[in-house]
$ cat structure-v5.pdb   # PDB, C-alpha atoms
ATOM      1  CA  MET A   1     -18.185  14.499   3.888
ATOM      2  CA  ARG A   2     -20.582  11.560   3.736
ATOM      3  CA  PHE A   3     -20.394   8.966   6.510
ATOM      4  CA  LEU A   4     -22.017   5.569   6.942
ATOM      5  CA  ILE A   5     -21.825   3.842  10.337
ATOM      6  CA  ALA A   6     -22.722   0.154  10.613
ATOM      7  CA  ASP A   7     -23.001  -1.937  13.761
ATOM      8  CA  VAL A   8     -25.387  -4.368  15.439
ATOM      9  CA  HIS A   9     -25.655  -2.211  18.571
ATOM     10  CA  PRO A  10     -27.876   0.914  18.357
ATOM     11  CA  ILE A  11     -25.905   2.626  21.130
ATOM     12  CA  ILE A  12     -22.750   2.471  18.984
ATOM     13  CA  LEU A  13     -24.597   3.991  16.035
ATOM     14  CA  VAL A  14     -25.962   6.852  18.145
ATOM     15  CA  ALA A  15     -22.708   7.525  19.998
ATOM     16  CA  LEU A  16     -20.515   7.581  16.899
ATOM     17  CA  SER A  17     -22.995   9.779  15.028
ATOM     18  CA  GLU A  18     -22.923  12.373  17.808
ATOM     19  CA  MET A  19     -19.147  12.212  18.136
ATOM     20  CA  LEU A  20     -18.766  12.784  14.392
ATOM     21  CA  ARG A  21     -21.072  15.807  14.478
ATOM     22  CA  VAL A  22     -19.048  17.339  17.307
ATOM     23  CA  ALA A  23     -15.665  16.511  15.773
ATOM     24  CA  PHE A  24     -16.355  17.687  12.222
ATOM     25  CA  ARG A  25     -19.256  20.125  12.644
ATOM     26  CA  ASP A  26     -19.882  21.878   9.309
ATOM     27  CA  GLY A  27     -17.712  19.461   7.335
ATOM     28  CA  ILE A  28     -20.390  16.756   7.330
ATOM     29  CA  SER A  29     -23.014  16.650   4.601
ATOM     30  CA  ARG A  30     -24.511  13.301   5.565
ATOM     31  CA  ILE A  31     -24.431  10.671   8.327
ATOM     32  CA  ASP A  32     -26.353   7.446   7.739
ATOM     33  CA  THR A  33     -26.488   4.372   9.952
ATOM     34  CA  ALA A  34     -27.109   0.690   9.256
ATOM     35  CA  ARG A  35     -27.979  -2.117  11.653
ATOM     36  CA  GLY A  36     -26.162  -5.322  10.770
ATOM     37  CA  ALA A  37     -24.433  -6.570   7.632
ATOM     38  CA  HIS A  38     -27.624  -6.829   5.580
ATOM     39  CA  GLY A  39     -28.591  -3.238   6.381
ATOM     40  CA  LEU A  40     -25.082  -2.067   5.546
ATOM     41  CA  LEU A  41     -25.057  -3.665   2.103
ATOM     42  CA  GLN A  42     -28.558  -2.360   1.423
ATOM     43  CA  ARG A  43     -27.385   1.179   2.196
ATOM     44  CA  LEU A  44     -24.482   0.788  -0.217
ATOM     45  CA  ARG A  45     -26.849  -0.215  -3.009
ATOM     46  CA  GLY A  46     -28.632   3.114  -2.730
ATOM     47  CA  ALA A  47     -25.884   5.622  -1.939
ATOM     48  CA  CYS A  48     -22.147   6.291  -2.016
ATOM     49  CA  TYR A  49     -20.092   7.393   0.981
ATOM     50  CA  ASP A  50     -16.710   8.947   1.573
ATOM     51  CA  TYR A  51     -16.108   7.112   4.853
ATOM     52  CA  LEU A  52     -17.559   3.878   6.192
ATOM     53  CA  ILE A  53     -17.153   3.025   9.880
ATOM     54  CA  PHE A  54     -18.171  -0.544  10.592
ATOM     55  CA  GLU A  55     -17.968  -3.628  12.789
ATOM     56  CA  PRO A  56     -16.926  -6.542  10.540
ATOM     57  CA  ASP A  57     -18.241  -9.178  12.950
ATOM     58  CA  MET A  58     -21.925  -8.668  12.083
ATOM     59  CA  SER A  59     -22.736 -11.555   9.783
ATOM     60  CA  GLY A  60     -22.114 -14.591  11.968
ATOM     61  CA  PRO A  61     -18.958 -16.507  12.868
ATOM     62  CA  SER A  62     -15.971 -16.246  10.552
ATOM     63  CA  LYS A  63     -17.499 -13.821   8.052
ATOM     64  CA  GLU A  64     -15.421 -10.724   8.729
ATOM     65  CA  ILE A  65     -13.219 -10.703   5.641
ATOM     66  CA  SER A  66     -16.062 -11.772   3.351
ATOM     67  CA  LEU A  67     -18.038  -8.748   4.555
ATOM     68  CA  LEU A  68     -15.090  -6.423   3.990
ATOM     69  CA  ARG A  69     -14.716  -7.714   0.431
ATOM     70  CA  ALA A  70     -18.446  -7.305  -0.207
ATOM     71  CA  ILE A  71     -18.223  -3.686   0.973
ATOM     72  CA  LYS A  72     -15.268  -2.982  -1.315
ATOM     73  CA  ASP A  73     -17.154  -4.503  -4.235
ATOM     74  CA  ALA A  74     -20.272  -2.437  -3.488
ATOM     75  CA  ASP A  75     -18.473   0.884  -2.921
ATOM     76  CA  PRO A  76     -14.814   0.746  -4.012
ATOM     77  CA  SER A  77     -14.198   4.449  -3.425
ATOM     78  CA  SER A  78     -15.224   4.672   0.243
ATOM     79  CA  LYS A  79     -12.496   4.669   2.883
ATOM     80  CA  LEU A  80     -13.048   1.924   5.451
ATOM     81  CA  ILE A  81     -12.578   2.373   9.197
ATOM     82  CA  VAL A  82     -12.930  -0.836  11.199
ATOM     83  CA  TYR A  83     -14.344  -0.259  14.702
ATOM     84  CA  THR A  84     -14.587  -3.661  16.303
ATOM     85  CA  GLY A  85     -14.742  -5.790  19.408
ATOM     86  CA  ASN A  86     -12.203  -8.165  17.861
ATOM     87  CA  SER A  87      -8.669  -7.208  18.887
ATOM     88  CA  SER A  88      -6.958  -9.989  16.930
ATOM     89  CA  PRO A  89      -3.708  -8.575  15.500
ATOM     90  CA  TYR A  90      -4.016 -10.968  12.577
ATOM     91  CA  LEU A  91      -7.530  -9.758  11.733
ATOM     92  CA  ALA A  92      -6.264  -6.167  11.940
ATOM     93  CA  LEU A  93      -3.400  -6.926   9.571
ATOM     94  CA  THR A  94      -5.687  -8.824   7.183
ATOM     95  CA  ALA A  95      -8.257  -6.008   7.180
ATOM     96  CA  LEU A  96      -5.550  -3.474   6.319
ATOM     97  CA  ASP A  97      -4.219  -5.762   3.592
ATOM     98  CA  GLN A  98      -7.763  -5.949   2.193
ATOM     99  CA  GLY A  99      -8.033  -2.170   1.950
ATOM    100  CA  ALA A 100      -9.179  -0.853   5.335
ATOM    101  CA  LYS A 101      -7.585   2.491   6.260
ATOM    102  CA  ALA A 102      -7.966   2.213  10.043
ATOM    103  CA  TYR A 103      -8.521  -0.454  12.673
ATOM    104  CA  VAL A 104      -9.700   0.460  16.173
ATOM    105  CA  SER A 105     -10.714  -1.747  19.093
ATOM    106  CA  LYS A 106     -13.926  -0.961  20.962
ATOM    107  CA  SER A 107     -11.982  -1.754  24.137
ATOM    108  CA  SER A 108      -9.973   1.432  23.658
ATOM    109  CA  ARG A 109     -11.217   4.868  24.737
ATOM    110  CA  PRO A 110     -14.024   6.126  22.455
ATOM    111  CA  GLN A 111     -12.036   9.201  21.414
ATOM    112  CA  LEU A 112      -9.570   6.907  19.664
ATOM    113  CA  ALA A 113     -12.230   6.170  17.036
ATOM    114  CA  ILE A 114     -12.408   9.887  16.244
ATOM    115  CA  ASP A 115      -8.601  10.078  16.172
ATOM    116  CA  ALA A 116      -8.620   7.248  13.627
ATOM    117  CA  ILE A 117     -11.260   8.954  11.481
ATOM    118  CA  ARG A 118      -9.318  12.240  11.554
ATOM    119  CA  ALA A 119      -6.199  10.376  10.424
ATOM    120  CA  VAL A 120      -8.047   8.730   7.533
ATOM    121  CA  VAL A 121      -9.608  12.049   6.488
ATOM    122  CA  ALA A 122      -6.052  13.442   6.422
ATOM    123  CA  GLY A 123      -4.982  10.641   4.087
ATOM    124  CA  GLN A 124      -3.217   8.522   6.701
ATOM    125  CA  THR A 125      -3.555   4.942   7.925
ATOM    126  CA  PHE A 126      -4.344   4.352  11.600
ATOM    127  CA  ILE A 127      -3.856   1.258  13.760
ATOM    128  CA  ASP A 128      -5.006   1.120  17.378
ATOM    129  CA  PRO A 129      -1.773   1.245  19.428
ATOM    130  CA  SER A 130      -3.123  -1.471  21.735
ATOM    131  CA  ILE A 131      -3.086  -3.960  18.829
ATOM    132  CA  ASP A 132       0.319  -5.488  18.142
ATOM    133  CA  VAL A 133       0.293  -6.020  14.378
ATOM    134  CA  GLU A 134       3.994  -6.893  14.493
ATOM    135  CA  ALA A 135       2.963 -10.000  16.426
ATOM    136  CA  ALA A 136       0.786 -10.953  13.465
ATOM    137  CA  ARG A 137       3.561 -10.319  10.958
ATOM    138  CA  ASN A 138       5.910 -12.563  12.982
ATOM    139  CA  HIS A 139       3.288 -15.212  13.774
ATOM    140  CA  PRO A 140       4.145 -18.862  12.918
ATOM    141  CA  TRP A 141       1.096 -18.903  10.628
ATOM    142  CA  ASN A 142       3.006 -16.594   8.273
ATOM    143  CA  ARG A 143       5.773 -19.171   7.959
ATOM    144  CA  LEU A 144       3.339 -21.459   6.155
ATOM    145  CA  SER A 145       3.197 -21.482   2.379
ATOM    146  CA  SER A 146      -0.098 -20.558   0.736
ATOM    147  CA  SER A 147      -0.694 -24.255  -0.009
ATOM    148  CA  GLU A 148      -0.044 -25.211   3.605
ATOM    149  CA  ARG A 149      -2.424 -22.517   4.872
ATOM    150  CA  SER A 150      -5.192 -23.538   2.488
ATOM    151  CA  ILE A 151      -4.895 -27.172   3.582
ATOM    152  CA  MET A 152      -5.005 -26.240   7.276
ATOM    153  CA  LEU A 153      -8.138 -24.152   6.734
ATOM    154  CA  ALA A 154      -9.783 -26.872   4.650
ATOM    155  CA  LEU A 155      -9.111 -29.425   7.391
ATOM    156  CA  ALA A 156     -10.518 -26.992   9.964
ATOM    157  CA  ARG A 157     -13.714 -26.870   7.877
ATOM    158  CA  GLY A 158     -13.959 -30.651   8.101
ATOM    159  CA  GLU A 159     -12.747 -31.587   4.628
ATOM    160  CA  ASN A 160     -10.791 -34.817   4.209
ATOM    161  CA  MET A 161      -7.392 -35.362   2.630
ATOM    162  CA  GLN A 162      -8.596 -37.414  -0.315
ATOM    163  CA  ALA A 163     -11.143 -34.757  -1.305
ATOM    164  CA  LEU A 164      -8.501 -32.054  -0.926
ATOM    165  CA  ALA A 165      -6.171 -33.885  -3.286
ATOM    166  CA  ILE A 166      -8.910 -34.264  -5.895
ATOM    167  CA  ASP A 167     -10.175 -30.678  -5.601
ATOM    168  CA  SER A 168      -6.682 -29.181  -5.800
ATOM    169  CA  HIS A 169      -5.569 -31.478  -8.661
ATOM    170  CA  ARG A 170      -2.613 -32.634  -6.601
ATOM    171  CA  SER A 171      -1.506 -36.068  -5.507
ATOM    172  CA  TYR A 172      -2.461 -37.381  -2.092
ATOM    173  CA  LYS A 173       1.256 -37.552  -1.265
ATOM    174  CA  THR A 174       1.739 -33.848  -2.071
ATOM    175  CA  VAL A 175      -1.221 -32.832   0.094
ATOM    176  CA  SER A 176       0.046 -35.053   2.929
ATOM    177  CA  THR A 177       3.480 -33.437   2.693
ATOM    178  CA  HIS A 178       1.950 -29.951   2.938
ATOM    179  CA  LYS A 179      -0.071 -31.055   5.976
ATOM    180  CA  TYR A 180       2.980 -32.566   7.664
ATOM    181  CA  ASN A 181       5.063 -29.433   7.068
ATOM    182  CA  ALA A 182       2.284 -27.192   8.394
ATOM    183  CA  PHE A 183       1.858 -29.322  11.520
ATOM    184  CA  ARG A 184       5.608 -29.170  12.146
ATOM    185  CA  LYS A 185       5.780 -25.370  11.742
ATOM    186  CA  LEU A 186       2.756 -24.793  14.000
ATOM    187  CA  GLY A 187       3.650 -27.415  16.597
ATOM    188  CA  LEU A 188       0.480 -29.429  15.983
ATOM    189  CA  ARG A 189       0.140 -33.190  16.320
ATOM    190  CA  SER A 190      -3.308 -33.935  14.943
ATOM    191  CA  LYS A 191      -6.167 -32.557  12.852
ATOM    192  CA  ALA A 192      -8.217 -32.190  16.042
ATOM    193  CA  GLU A 193      -5.834 -29.466  17.269
ATOM    194  CA  ILE A 194      -6.264 -27.166  14.249
ATOM    195  CA  GLY A 195      -9.525 -25.546  15.363
ATOM    196  CA  ALA A 196      -8.221 -24.821  18.862
ATOM    197  CA  PHE A 197      -5.018 -23.360  17.422
ATOM    198  CA  LEU A 198      -6.944 -20.995  15.156
ATOM    199  CA  ASN A 199      -9.270 -19.937  17.986
ATOM    200  CA  ASN A 200      -6.462 -19.413  20.489
ATOM    201  CA  HIS A 201      -4.422 -17.305  18.076
ATOM    202  CA  GLY A 202      -7.244 -15.099  16.779
ATOM    203  CA  LEU A 203      -7.263 -16.773  13.375
ATOM    204  CA  SER A 204     -10.712 -18.381  13.371
ATOM    205  CA  PHE A 205     -12.033 -15.629  11.074
ATOM    206  CA  LEU A 206     -10.019 -17.251   8.268
ATOM    207  CA  VAL A 207     -12.285 -20.318   8.275
ATOM    208  CA  GLU A 208     -15.000 -19.159   5.879
TER
END
$ encode --input "structure-v5.pdb" --output "structure tokens"
Amino acid sequence: MRFLIADVHPIILVALSEMLRVAFRDGISRIDTARGAHGLLQRLRGACYDYLIFEPDMSGPSKEISLLRAIKDADPSSKLIVYTGNSSPYLALTALDQGAKAYVSKSSRPQLAIDAIRAVVAGQTFIDPSIDVEAARNHPWNRLSSSERSIMLALARGENMQALAIDSHRSYKTVSTHKYNAFRKLGLRSKAEIGAFLNNHGLSFLVE
């Protein structure tokens, strides 16, 4: 088995490498490490791996899903295990939807990371039991249509309504209706509240 571990913290790289060697002993043919997102993608340009254990929050604010997609593009066959300091249920659900096989919080006991890796090696999916993904599935954000979500995220990025209407080839009235419906479903009263809502509900990673 070939493993790649990527994180910004050297202690995580060392600890996980040693834990893998103990847990799998003779089953490992290679363990490589990468520091940061740039180092991770560089590694993937030069080698292929069976399992990739990584922290998605390595490339600056709100880049987690972009990094996951870049990894899948660079090495589609590797099985992805997210080991992260971000316990957002919505990020966990999104990562799994994007192809990750396991999601583990660094706040949990270290052995849980090995449990997750064992599960993935056995062909299973693993979600940290401390992360309530059902809360994400039932979150008000999921009651929004795709158009309503895209408008909320565009407004959070600072775009204006007129530009949104032009870029989406829709009328200003249609865009305004989507915004009104989204505000009503989320309990928001103004554009200024969107950023705080996303931050407070662990959704800020969606603003890319």
$ residues_around --input "structure-v5.pdb" --residues "region 182-188 of chain A" --least-positions-apart "3" --cutoff "9 Å" --atoms "only C-alpha atoms" --output "tab-separated table (two decimals) with C-alpha atoms, in the coordinates of the input"
chain	number	residue	atom	x	y	z
A	140	PRO	CA	4.14	-18.86	12.92
A	141	TRP	CA	1.10	-18.90	10.63
A	143	ARG	CA	5.77	-19.17	7.96
A	144	LEU	CA	3.34	-21.46	6.16
A	145	SER	CA	3.20	-21.48	2.38
A	148	GLU	CA	-0.04	-25.21	3.60
A	149	ARG	CA	-2.42	-22.52	4.87
A	151	ILE	CA	-4.89	-27.17	3.58
A	152	MET	CA	-5.00	-26.24	7.28
A	177	THR	CA	3.48	-33.44	2.69
A	178	HIS	CA	1.95	-29.95	2.94
A	179	LYS	CA	-0.07	-31.06	5.98
A	191	LYS	CA	-6.17	-32.56	12.85
A	193	GLU	CA	-5.83	-29.47	17.27
A	194	ILE	CA	-6.26	-27.17	14.25
A	197	PHE	CA	-5.02	-23.36	17.42
$ resolve_selection --input "structure-v5.pdb" --expression "the PyMOL selection byres ((chain A and resi 69-75) around 12)" --output "ChimeraX atom specification"
/A:4,6,37-56,59,63-68,76-82,94-100
$ write_last_selection --input "structure-v5.pdb" --atoms "C-alpha atoms" --output "PDB file, keeping the file's coordinate frame"
ATOM      1  CA  LEU A   4     -22.017   5.569   6.942  1.00  0.00           C
ATOM      2  CA  ALA A   6     -22.722   0.154  10.613  1.00  0.00           C
ATOM      3  CA  ALA A  37     -24.433  -6.570   7.632  1.00  0.00           C
ATOM      4  CA  HIS A  38     -27.624  -6.829   5.580  1.00  0.00           C
ATOM      5  CA  GLY A  39     -28.591  -3.238   6.381  1.00  0.00           C
ATOM      6  CA  LEU A  40     -25.082  -2.067   5.546  1.00  0.00           C
ATOM      7  CA  LEU A  41     -25.057  -3.665   2.103  1.00  0.00           C
ATOM      8  CA  GLN A  42     -28.558  -2.360   1.423  1.00  0.00           C
ATOM      9  CA  ARG A  43     -27.385   1.179   2.196  1.00  0.00           C
ATOM     10  CA  LEU A  44     -24.482   0.788  -0.217  1.00  0.00           C
ATOM     11  CA  ARG A  45     -26.849  -0.215  -3.009  1.00  0.00           C
ATOM     12  CA  GLY A  46     -28.632   3.114  -2.730  1.00  0.00           C
ATOM     13  CA  ALA A  47     -25.884   5.622  -1.939  1.00  0.00           C
ATOM     14  CA  CYS A  48     -22.147   6.291  -2.016  1.00  0.00           C
ATOM     15  CA  TYR A  49     -20.092   7.393   0.981  1.00  0.00           C
ATOM     16  CA  ASP A  50     -16.710   8.947   1.573  1.00  0.00           C
ATOM     17  CA  TYR A  51     -16.108   7.112   4.853  1.00  0.00           C
ATOM     18  CA  LEU A  52     -17.559   3.878   6.192  1.00  0.00           C
ATOM     19  CA  ILE A  53     -17.153   3.025   9.880  1.00  0.00           C
ATOM     20  CA  PHE A  54     -18.171  -0.544  10.592  1.00  0.00           C
ATOM     21  CA  GLU A  55     -17.968  -3.628  12.789  1.00  0.00           C
ATOM     22  CA  PRO A  56     -16.926  -6.542  10.540  1.00  0.00           C
ATOM     23  CA  SER A  59     -22.736 -11.555   9.783  1.00  0.00           C
ATOM     24  CA  LYS A  63     -17.499 -13.821   8.052  1.00  0.00           C
ATOM     25  CA  GLU A  64     -15.421 -10.724   8.729  1.00  0.00           C
ATOM     26  CA  ILE A  65     -13.219 -10.703   5.641  1.00  0.00           C
ATOM     27  CA  SER A  66     -16.062 -11.772   3.351  1.00  0.00           C
ATOM     28  CA  LEU A  67     -18.038  -8.748   4.555  1.00  0.00           C
ATOM     29  CA  LEU A  68     -15.090  -6.423   3.990  1.00  0.00           C
ATOM     30  CA  PRO A  76     -14.814   0.746  -4.012  1.00  0.00           C
ATOM     31  CA  SER A  77     -14.198   4.449  -3.425  1.00  0.00           C
ATOM     32  CA  SER A  78     -15.224   4.672   0.243  1.00  0.00           C
ATOM     33  CA  LYS A  79     -12.496   4.669   2.883  1.00  0.00           C
ATOM     34  CA  LEU A  80     -13.048   1.924   5.451  1.00  0.00           C
ATOM     35  CA  ILE A  81     -12.578   2.373   9.197  1.00  0.00           C
ATOM     36  CA  VAL A  82     -12.930  -0.836  11.199  1.00  0.00           C
ATOM     37  CA  THR A  94      -5.687  -8.824   7.183  1.00  0.00           C
ATOM     38  CA  ALA A  95      -8.257  -6.008   7.180  1.00  0.00           C
ATOM     39  CA  LEU A  96      -5.550  -3.474   6.319  1.00  0.00           C
ATOM     40  CA  ASP A  97      -4.219  -5.762   3.592  1.00  0.00           C
ATOM     41  CA  GLN A  98      -7.763  -5.949   2.193  1.00  0.00           C
ATOM     42  CA  GLY A  99      -8.033  -2.170   1.950  1.00  0.00           C
ATOM     43  CA  ALA A 100      -9.179  -0.853   5.335  1.00  0.00           C
TER      44      ALA A 100
END
$ resolve_selection --input "structure-v5.pdb" --expression "the PyMOL selection byres ((chain A and resi 110-118) around 10)" --output "JSON list (two decimals) with C-alpha atoms, in the coordinates of the input"
[["chain", "number", "residue", "atom", "x", "y", "z"],
["A", 15, "ALA", "CA", -22.71, 7.52, 20.00],
["A", 16, "LEU", "CA", -20.52, 7.58, 16.90],
["A", 19, "MET", "CA", -19.15, 12.21, 18.14],
["A", 20, "LEU", "CA", -18.77, 12.78, 14.39],
["A", 23, "ALA", "CA", -15.66, 16.51, 15.77],
["A", 24, "PHE", "CA", -16.36, 17.69, 12.22],
["A", 51, "TYR", "CA", -16.11, 7.11, 4.85],
["A", 52, "LEU", "CA", -17.56, 3.88, 6.19],
["A", 53, "ILE", "CA", -17.15, 3.02, 9.88],
["A", 79, "LYS", "CA", -12.50, 4.67, 2.88],
["A", 80, "LEU", "CA", -13.05, 1.92, 5.45],
["A", 81, "ILE", "CA", -12.58, 2.37, 9.20],
["A", 82, "VAL", "CA", -12.93, -0.84, 11.20],
["A", 83, "TYR", "CA", -14.34, -0.26, 14.70],
["A", 101, "LYS", "CA", -7.58, 2.49, 6.26],
["A", 102, "ALA", "CA", -7.97, 2.21, 10.04],
["A", 103, "TYR", "CA", -8.52, -0.45, 12.67],
["A", 104, "VAL", "CA", -9.70, 0.46, 16.17],
["A", 105, "SER", "CA", -10.71, -1.75, 19.09],
["A", 106, "LYS", "CA", -13.93, -0.96, 20.96],
["A", 107, "SER", "CA", -11.98, -1.75, 24.14],
["A", 108, "SER", "CA", -9.97, 1.43, 23.66],
["A", 109, "ARG", "CA", -11.22, 4.87, 24.74],
["A", 119, "ALA", "CA", -6.20, 10.38, 10.42],
["A", 120, "VAL", "CA", -8.05, 8.73, 7.53],
["A", 121, "VAL", "CA", -9.61, 12.05, 6.49],
["A", 122, "ALA", "CA", -6.05, 13.44, 6.42],
["A", 123, "GLY", "CA", -4.98, 10.64, 4.09],
["A", 124, "GLN", "CA", -3.22, 8.52, 6.70],
["A", 125, "THR", "CA", -3.56, 4.94, 7.92],
["A", 126, "PHE", "CA", -4.34, 4.35, 11.60],
["A", 127, "ILE", "CA", -3.86, 1.26, 13.76],
["A", 128, "ASP", "CA", -5.01, 1.12, 17.38],
["A", 129, "PRO", "CA", -1.77, 1.25, 19.43]]
$ atom_distance --input "structure-v5.pdb" --atom1 "CA of Met58 (chain A)" --atom2 "CA of Asp132 (chain A)"
23.3 Å
$ resolve_selection --input "structure-v5.pdb" --expression "the PyMOL selection byres ((chain A and resi 162) around 12)" --output "count of residues only"
20
$ atom_distance --input "structure-v5.pdb" --atom1 "CA of Asn138 (chain A)" --atom2 "CA of Asn181 (chain A)"
17.9 Å
$ residues_around --input "structure-v5.pdb" --residues "Val207 (chain A)" --least-positions-apart "5" --cutoff "8 Å" --atoms "only C-alpha atoms" --output "list in words"
Ser62, Leu153, Ala154, Ala156 and Arg157 of chain A
$ atom_distance --input "structure-v5.pdb" --atom1 "CA of Ile12 (chain A)" --atom2 "CA of Asp32 (chain A)"
12.8 Å
$ axis_aligned_box --input "structure-v5.pdb" --around "region 96-110 of chain A" --padding-each-side "8 Å" --output "AutoDock Vina command-line options"
--center_x -9.1 --center_y 0.1 --center_z 13.3 --size_x 25.8 --size_y 28.1 --size_z 38.8
$ closest_residue --input "structure-v5.pdb" --among "A:Leu13, A:Ser150, A:Gly158, A:Val8" --to "Arg35 (chain A)" --atoms "all atoms listed in the file"
A:Val8
$ closest_residue --input "structure-v5.pdb" --among "A:Glu134, A:Asn142, A:His9, A:Phe3" --to "Ile28 (chain A)" --atoms "all atoms listed in the file"
A:Phe3
$ closest_residue --input "structure-v5.pdb" --among "A:Gly36, A:Phe205, A:Arg30, A:Arg25" --to "Asp7 (chain A)" --atoms "all atoms listed in the file"
A:Gly36
$ closest_residue --input "structure-v5.pdb" --among "A:Asn86, A:Ala34, A:Ser147, A:Met1" --to "Arg21 (chain A)" --atoms "only C-alpha atoms"
A:Met1
$ build_atoms --input "structure-v5.pdb" --residues "region 45-61 of chain A" --atoms "N, CA and C atoms" --output "PDB file, in the coordinates of the input"
ATOM      1  N   ARG A  45     -26.188  -0.085  -1.704  1.00  0.00           N
ATOM      2  CA  ARG A  45     -26.849  -0.215  -3.009  1.00  0.00           C
ATOM      3  C   ARG A  45     -27.546   1.079  -3.422  1.00  0.00           C
ATOM      4  N   GLY A  46     -27.866   1.913  -2.426  1.00  0.00           N
ATOM      5  CA  GLY A  46     -28.632   3.114  -2.730  1.00  0.00           C
ATOM      6  C   GLY A  46     -27.870   4.412  -2.632  1.00  0.00           C
ATOM      7  N   ALA A  47     -26.632   4.375  -2.120  1.00  0.00           N
ATOM      8  CA  ALA A  47     -25.884   5.622  -1.939  1.00  0.00           C
ATOM      9  C   ALA A  47     -24.390   5.337  -1.906  1.00  0.00           C
ATOM     10  N   CYS A  48     -23.603   6.380  -2.115  1.00  0.00           N
ATOM     11  CA  CYS A  48     -22.147   6.291  -2.016  1.00  0.00           C
ATOM     12  C   CYS A  48     -21.680   7.141  -0.836  1.00  0.00           C
ATOM     13  N   TYR A  49     -20.598   6.707  -0.211  1.00  0.00           N
ATOM     14  CA  TYR A  49     -20.092   7.393   0.981  1.00  0.00           C
ATOM     15  C   TYR A  49     -18.592   7.628   0.851  1.00  0.00           C
ATOM     16  N   ASP A  50     -18.144   8.674   1.531  1.00  0.00           N
ATOM     17  CA  ASP A  50     -16.710   8.947   1.573  1.00  0.00           C
ATOM     18  C   ASP A  50     -16.013   8.076   2.613  1.00  0.00           C
ATOM     19  N   TYR A  51     -16.701   7.857   3.746  1.00  0.00           N
ATOM     20  CA  TYR A  51     -16.108   7.112   4.853  1.00  0.00           C
ATOM     21  C   TYR A  51     -17.136   6.138   5.423  1.00  0.00           C
ATOM     22  N   LEU A  52     -16.685   4.917   5.655  1.00  0.00           N
ATOM     23  CA  LEU A  52     -17.559   3.878   6.192  1.00  0.00           C
ATOM     24  C   LEU A  52     -16.931   3.325   7.465  1.00  0.00           C
ATOM     25  N   ILE A  53     -17.625   3.502   8.577  1.00  0.00           N
ATOM     26  CA  ILE A  53     -17.153   3.025   9.880  1.00  0.00           C
ATOM     27  C   ILE A  53     -17.993   1.809  10.234  1.00  0.00           C
ATOM     28  N   PHE A  54     -17.360   0.659  10.416  1.00  0.00           N
ATOM     29  CA  PHE A  54     -18.171  -0.544  10.592  1.00  0.00           C
ATOM     30  C   PHE A  54     -17.505  -1.597  11.470  1.00  0.00           C
ATOM     31  N   GLU A  55     -18.370  -2.440  12.042  1.00  0.00           N
ATOM     32  CA  GLU A  55     -17.968  -3.628  12.789  1.00  0.00           C
ATOM     33  C   GLU A  55     -18.026  -4.810  11.819  1.00  0.00           C
ATOM     34  N   PRO A  56     -16.892  -5.449  11.518  1.00  0.00           N
ATOM     35  CA  PRO A  56     -16.926  -6.542  10.540  1.00  0.00           C
ATOM     36  C   PRO A  56     -17.590  -7.809  11.052  1.00  0.00           C
ATOM     37  N   ASP A  57     -17.672  -7.956  12.376  1.00  0.00           N
ATOM     38  CA  ASP A  57     -18.241  -9.178  12.950  1.00  0.00           C
ATOM     39  C   ASP A  57     -19.750  -9.010  13.134  1.00  0.00           C
ATOM     40  N   MET A  58     -20.480  -8.885  12.014  1.00  0.00           N
ATOM     41  CA  MET A  58     -21.925  -8.668  12.083  1.00  0.00           C
ATOM     42  C   MET A  58     -22.714  -9.731  11.338  1.00  0.00           C
ATOM     43  N   SER A  59     -22.019 -10.622  10.651  1.00  0.00           N
ATOM     44  CA  SER A  59     -22.736 -11.555   9.783  1.00  0.00           C
ATOM     45  C   SER A  59     -22.540 -13.003  10.197  1.00  0.00           C
ATOM     46  N   GLY A  60     -22.296 -13.234  11.493  1.00  0.00           N
ATOM     47  CA  GLY A  60     -22.114 -14.591  11.968  1.00  0.00           C
ATOM     48  C   GLY A  60     -20.644 -14.940  12.082  1.00  0.00           C
ATOM     49  N   PRO A  61     -20.341 -16.098  12.652  1.00  0.00           N
ATOM     50  CA  PRO A  61     -18.958 -16.507  12.868  1.00  0.00           C
ATOM     51  C   PRO A  61     -18.158 -16.582  11.566  1.00  0.00           C
TER      52      PRO A  61
END
